[in-house]
$ cat target_11.csv   # CSV, C-alpha atoms
chain,number,residue,atom,x,y,z
A,140,MET,CA,169.4,10.9,-151.9
A,141,ALA,CA,170.3,13.4,-149.2
A,142,ASN,CA,168.4,13.5,-146.0
A,143,LEU,CA,166.8,16.9,-146.1
A,144,ALA,CA,165.6,16.6,-142.5
A,145,ALA,CA,169.1,16.1,-141.1
A,146,PRO,CA,170.0,19.9,-140.6
A,147,GLN,CA,166.6,20.5,-138.9
A,148,VAL,CA,167.2,17.5,-136.6
A,149,ALA,CA,170.7,18.6,-135.8
A,150,ARG,CA,169.5,22.2,-135.1
A,151,SER,CA,166.7,21.0,-132.8
A,152,ILE,CA,169.1,18.8,-130.8
A,153,ILE,CA,171.6,21.6,-130.4
A,154,THR,CA,168.9,24.0,-129.4
A,155,ALA,CA,167.4,21.6,-126.9
A,156,LYS,CA,170.8,21.2,-125.3
A,157,GLY,CA,171.3,24.9,-124.8
A,158,GLY,CA,173.1,25.7,-128.1
A,159,PRO,CA,176.7,25.1,-129.1
A,160,SER,CA,179.4,25.4,-126.4
A,161,GLN,CA,181.5,28.5,-126.9
A,162,LEU,CA,185.3,28.4,-126.7
A,163,ASN,CA,185.6,31.9,-125.2
A,164,LYS,CA,183.4,31.2,-122.2
A,165,TYR,CA,185.7,29.8,-119.5
A,166,ARG,CA,187.2,30.4,-116.1
A,167,VAL,CA,190.4,29.3,-114.5
A,168,ILE,CA,190.6,29.2,-110.8
A,169,MET,CA,194.3,29.3,-109.8
A,170,PRO,CA,195.6,28.6,-106.3
A,171,SER,CA,196.2,31.7,-104.2
A,172,LEU,CA,199.9,32.1,-103.4
A,173,PHE,CA,199.8,35.5,-101.7
A,174,ILE,CA,197.4,37.4,-99.4
A,175,GLY,CA,195.2,39.3,-101.7
A,176,GLY,CA,193.5,38.9,-105.0
A,177,ASP,CA,196.2,37.0,-107.0
A,178,ALA,CA,193.7,34.2,-107.9
A,179,ILE,CA,191.3,36.8,-109.4
A,180,SER,CA,194.0,38.5,-111.4
A,181,MET,CA,195.3,35.2,-112.8
A,182,ASP,CA,191.7,34.2,-113.8
A,183,VAL,CA,191.1,37.5,-115.7
A,184,LEU,CA,194.6,37.5,-117.3
A,185,CYS,CA,194.3,33.9,-118.6
A,186,ARG,CA,194.0,34.2,-122.4
A,187,GLY,CA,194.0,30.5,-123.2
A,188,VAL,CA,193.7,27.1,-121.7
A,189,SER,CA,193.2,23.5,-123.0
A,190,LEU,CA,191.0,21.1,-121.3
A,191,PRO,CA,193.3,18.0,-120.9
A,192,GLY,CA,192.8,15.0,-123.1
A,193,ARG,CA,193.8,11.4,-122.5
A,194,THR,CA,195.4,8.6,-124.6
A,195,ASN,CA,194.9,4.9,-123.9
A,196,ASN,CA,198.2,3.0,-124.1
A,197,VAL,CA,197.9,-0.4,-125.8
A,198,ILE,CA,200.0,-3.5,-126.2
A,199,ASN,CA,199.7,-6.1,-128.9
A,200,ARG,CA,198.5,-9.6,-128.0
A,201,GLN,CA,198.5,-12.6,-130.2
A,202,THR,CA,195.1,-14.5,-130.1
A,203,ASN,CA,195.0,-17.6,-132.4
A,204,PHE,CA,196.0,-16.2,-135.8
A,205,LYS,CA,195.1,-12.6,-135.1
A,206,MET,CA,197.0,-9.8,-133.4
A,207,ILE,CA,194.7,-7.5,-131.3
A,208,GLU,CA,195.4,-4.4,-129.2
A,209,MET,CA,194.9,-4.6,-125.4
A,210,PRO,CA,194.6,-1.6,-123.1
A,211,ALA,CA,197.6,-1.0,-120.9
A,212,GLY,CA,197.1,2.1,-118.9
A,213,TYR,CA,196.7,5.7,-120.1
A,214,GLU,CA,198.6,9.0,-120.5
A,215,ASN,CA,197.3,12.5,-120.0
A,216,THR,CA,198.0,15.3,-122.5
A,217,PRO,CA,200.1,18.3,-121.5
A,218,PHE,CA,198.3,21.1,-119.7
A,219,ASP,CA,199.2,24.7,-120.7
A,220,LEU,CA,198.0,28.1,-119.7
A,221,GLN,CA,198.6,31.4,-121.6
A,222,PHE,CA,198.4,34.8,-119.9
A,223,THR,CA,198.4,38.4,-120.8
A,224,GLU,CA,201.2,40.1,-118.8
A,225,THR,CA,200.7,43.5,-117.1
A,226,ASN,CA,203.2,46.3,-116.6
A,227,ASP,CA,203.9,45.3,-113.1
A,228,HIS,CA,204.6,41.7,-114.3
A,229,THR,CA,201.8,40.1,-112.2
A,230,VAL,CA,202.0,36.8,-114.1
A,231,ASN,CA,205.8,36.5,-113.9
A,232,HIS,CA,205.8,37.4,-110.2
A,233,TYR,CA,203.2,34.8,-109.5
A,234,PHE,CA,205.0,31.9,-111.3
A,235,ASN,CA,208.4,33.0,-110.2
A,236,THR,CA,207.2,32.7,-106.6
A,237,TRP,CA,205.7,29.3,-107.2
A,238,MET,CA,208.7,28.0,-109.1
A,239,ASN,CA,211.2,29.3,-106.6
A,240,SER,CA,209.3,27.5,-103.9
A,241,ILE,CA,210.0,24.2,-105.9
A,242,THR,CA,213.7,24.7,-106.3
A,243,ASP,CA,215.4,27.4,-104.1
A,244,PRO,CA,217.5,29.6,-106.5
A,245,GLU,CA,220.0,30.3,-103.7
A,246,THR,CA,220.5,26.9,-102.0
A,247,TYR,CA,219.3,24.7,-104.9
A,248,GLU,CA,217.3,22.6,-102.5
A,249,VAL,CA,214.3,20.9,-104.0
A,250,ALA,CA,211.1,21.0,-102.0
A,251,TRP,CA,208.9,18.0,-101.1
A,252,ARG,CA,206.4,17.3,-103.8
A,253,ASP,CA,203.4,17.5,-101.4
A,254,ASP,CA,204.5,21.0,-100.4
A,255,ILE,CA,204.4,22.5,-103.9
A,256,VAL,CA,201.6,20.8,-105.8
A,257,LYS,CA,198.2,22.5,-106.0
A,258,ASP,CA,194.9,22.0,-107.8
A,259,ILE,CA,193.7,24.1,-110.7
A,260,ILE,CA,190.0,24.4,-111.7
A,261,VAL,CA,189.1,24.9,-115.3
A,262,MET,CA,185.5,25.6,-116.1
A,263,SER,CA,183.7,25.8,-119.5
A,264,ASN,CA,180.7,28.2,-119.1
A,265,ASP,CA,177.4,28.6,-120.9
A,266,GLY,CA,176.2,31.9,-122.3
A,267,ASN,CA,175.2,33.1,-118.9
A,268,ASP,CA,178.6,32.4,-117.4
A,269,ILE,CA,177.3,29.4,-115.4
A,270,PRO,CA,179.7,26.5,-115.3
A,271,ASN,CA,178.5,23.5,-117.4
A,272,TYR,CA,181.7,21.5,-117.5
A,273,VAL,CA,184.2,21.6,-114.7
A,274,CYS,CA,187.7,19.9,-114.7
A,275,ARG,CA,190.0,19.7,-111.7
A,276,ILE,CA,193.7,19.4,-112.5
A,277,LYS,CA,195.0,17.4,-109.6
A,278,ASN,CA,198.3,18.1,-107.8
A,279,ALA,CA,199.8,20.4,-110.5
A,280,PHE,CA,203.0,22.4,-110.5
A,281,PRO,CA,204.6,24.6,-113.2
A,282,LYS,CA,207.5,22.9,-114.9
A,283,PHE,CA,208.1,25.3,-117.8
A,284,LYS,CA,207.7,29.1,-118.2
A,285,ASN,CA,208.4,30.3,-121.7
A,286,PRO,CA,211.3,32.8,-122.3
A,287,ILE,CA,210.0,36.2,-123.4
A,288,GLU,CA,211.6,37.9,-126.3
A,289,LEU,CA,211.5,41.7,-126.3
A,290,SER,CA,211.7,43.2,-129.7
A,291,ASP,CA,210.7,46.4,-131.5
A,292,THR,CA,209.8,44.4,-134.6
A,293,SER,CA,207.3,42.2,-132.8
A,294,SER,CA,203.9,41.8,-134.6
A,295,SER,CA,202.1,42.1,-131.2
A,296,PRO,CA,202.9,44.7,-128.6
A,297,VAL,CA,201.3,42.7,-125.8
A,298,MET,CA,203.6,40.5,-123.7
A,299,GLU,CA,202.2,36.9,-123.1
A,300,VAL,CA,203.4,34.3,-120.7
A,301,ARG,CA,202.9,30.6,-121.4
A,302,VAL,CA,203.3,28.0,-118.6
A,303,GLN,CA,203.2,24.2,-118.9
A,304,PHE,CA,202.3,22.1,-115.9
A,305,ALA,CA,203.1,18.7,-114.6
A,306,TYR,CA,200.1,17.1,-112.9
A,307,GLU,CA,199.1,13.8,-111.4
A,308,ASP,CA,195.7,13.4,-113.1
A,309,PHE,CA,192.5,15.2,-113.8
A,310,GLU,CA,188.8,14.6,-113.0
A,311,ILE,CA,185.6,15.9,-114.4
A,312,ILE,CA,183.3,17.2,-111.7
A,313,ASP,CA,179.7,16.1,-112.1
A,314,ASN,CA,176.6,18.3,-112.0
A,315,VAL,CA,176.3,17.8,-108.2
A,316,GLY,CA,179.8,19.1,-107.8
A,317,ILE,CA,179.3,22.1,-110.0
A,318,SER,CA,177.2,23.9,-107.4
A,319,GLY,CA,180.1,23.6,-105.0
A,320,ILE,CA,182.4,25.1,-107.6
A,321,SER,CA,180.0,27.9,-108.2
A,322,ASP,CA,180.2,28.6,-104.4
A,323,LEU,CA,184.0,28.7,-104.8
A,324,VAL,CA,183.8,31.1,-107.7
A,325,ARG,CA,181.4,33.4,-105.7
A,326,SER,CA,184.0,33.4,-102.9
A,327,VAL,CA,186.8,34.5,-105.3
A,328,LYS,CA,185.6,38.1,-106.0
A,329,ALA,CA,186.4,41.6,-105.0
A,330,GLY,CA,184.0,43.6,-102.8
A,331,ARG,CA,181.3,40.8,-103.2
A,332,ILE,CA,180.9,41.9,-106.9
A,333,MET,CA,181.4,39.3,-109.5
A,334,ILE,CA,182.6,40.4,-112.9
A,335,PRO,CA,182.4,37.6,-115.5
A,336,SER,CA,185.9,36.7,-116.4
A,337,ASN,CA,185.3,36.6,-120.1
A,338,LEU,CA,184.1,40.2,-120.1
A,339,ALA,CA,187.1,41.3,-118.0
A,340,ARG,CA,189.4,39.3,-120.2
A,341,GLN,CA,188.0,41.0,-123.4
A,342,ALA,CA,188.6,44.3,-121.8
A,343,THR,CA,192.3,43.5,-121.1
A,344,GLN,CA,192.7,42.4,-124.7
A,345,ARG,CA,191.2,45.6,-126.0
A,346,LEU,CA,193.6,47.6,-123.9
A,347,GLY,CA,196.6,45.7,-125.4
A,348,GLY,CA,198.5,48.8,-126.2
A,349,PHE,CA,198.0,50.2,-122.7
A,350,LEU,CA,199.2,47.1,-120.8
$ encode --input "target_11.csv" --output "structure tokens"
Amino acid sequence: MANLAAPQVARSIITAKGGPSQLNKYRVIMPSLFIGGDAISMDVLCRGVSLPGRTNNVINRQTNFKMIEMPAGYENTPFDLQFTETNDHTVNHYFNTWMNSITDPETYEVAWRDDIVKDIIVMSNDGNDIPNYVCRIKNAFPKFKNPIELSDTSSSPVMEVRVQFAYEDFEIIDNVGISGISDLVRSVKAGRIMIPSNLARQATQRLGGFL
């Protein structure tokens, strides 16, 4: 016999915890490479990001007559970002600058790792655009920027840039640290006016034919 109270219990638990988390409420705080508002632009233009996952590696171990799996370290999943490109190629300019600082396109010299890695902050927000889950991508650098195919038969007129990063590790910042991240977000704004990134992002998507 079905438990008729289960839906009500589930609904009450979700309501008590502030409702379901929404996929389109997020922020990405990119490192600032130039003097100006490049970090703000990259936040607004970011159309997609995946919170990184983790896989525990295992080895087999024989115990008596039974084979069991033992933990043997872990691997992090790839970290990708997708961006809407603008007519002045803000996104390409940003990542070309970063990637050229890693390997000089004229001398082919490779920079020291400590000189080119940077942290990236990814935040899942609640309905009021207040961070409720904050992830710091530690010591990241771009390793792949997708080629962009220009075509008059494309199903979408909007250019997108996808970048995959190498990174050392990630950490989830607890509730105590979230207030500090909020201070960081408040400092990354133009004219002391904060525009929730999800609203600005939706505006850029609606202007797809204009970009």
$ atom_distance --input "target_11.csv" --atom1 "CA of Leu162 (chain A)" --atom2 "CA of Val230 (chain A)"
22.5 Å
$ atom_distance --input "target_11.csv" --atom1 "CA of Asn226 (chain A)" --atom2 "CA of Met262 (chain A)"
27.2 Å
$ atom_distance --input "target_11.csv" --atom1 "CA of Asp253 (chain A)" --atom2 "CA of Phe309 (chain A)"
16.7 Å
$ closest_residue --input "target_11.csv" --among "A:Arg275, A:Arg301, A:Lys205, A:Lys257" --to "Thr223 (chain A)" --atoms "only C-alpha atoms"
A:Arg301
$ closest_residue --input "target_11.csv" --among "A:Pro296, A:Gly157, A:Pro244, A:Pro217" --to "Val188 (chain A)" --atoms "all atoms listed in the file"
A:Pro217
$ residues_around --input "target_11.csv" --residues "Asp265 (chain A)" --least-positions-apart "6" --cutoff "12 Å" --atoms "all atoms listed in the file" --output "list in words"
Lys156, Gly157, Gly158, Pro159, Ser160, Gln161, Leu162, Asn163, Lys164, Tyr165, Arg166, Asn271, Tyr272, Val273, Pro335 and Asn337 of chain A
$ residues_around --input "target_11.csv" --residues "Ile241 (chain A)" --least-positions-apart "5" --cutoff "8 Å" --atoms "all atoms listed in the file" --output "PyMOL selection string"
chain A and resi 249-251+255
$ residues_around --input "target_11.csv" --residues "Thr229 (chain A)" --least-positions-apart "5" --cutoff "12 Å" --atoms "only C-alpha atoms" --output "count of residues only"
21
$ closest_atom_pairs --input "target_11.csv" --of "region 183-225 of chain A" --to "region 276-279 of chain A" --cutoff "10 Å" --atoms "only C-alpha atoms" --output "CSV"
residue,atom,partner,partner_atom,distance
A:Leu190,CA,A:Ile276,CA,9.4
A:Pro191,CA,A:Ile276,CA,8.5
A:Phe218,CA,A:Ile276,CA,8.7
$ residues_around --input "target_11.csv" --residues "Pro210 (chain A)" --least-positions-apart "2" --cutoff "12 Å" --atoms "all atoms listed in the file" --output "ChimeraX atom specification"
/A:194-200,207-208,212-214
$ closest_residue --input "target_11.csv" --among "A:Ile311, A:Ile168, A:Ala145, A:Val256" --to "Gly192 (chain A)" --atoms "only C-alpha atoms"
A:Ile311
$ closest_residue --input "target_11.csv" --among "A:Pro270, A:Asp291, A:Ile152, A:Pro281" --to "Asn239 (chain A)" --atoms "only C-alpha atoms"
A:Pro281
$ closest_residue --input "target_11.csv" --among "A:Asp308, A:Asp219, A:Asp258, A:Asp243" --to "Pro170 (chain A)" --atoms "all atoms listed in the file"
A:Asp258
$ residues_near_point --input "target_11.csv" --point "(209.1, 25.7, -117.4)" --cutoff "10 Å" --atoms "only C-alpha atoms" --output "list in words"
Phe234, Met238, Phe280, Pro281, Lys282, Phe283, Lys284, Asn285, Pro286, Arg301, Val302, Gln303, Phe304 and Ala305 of chain A
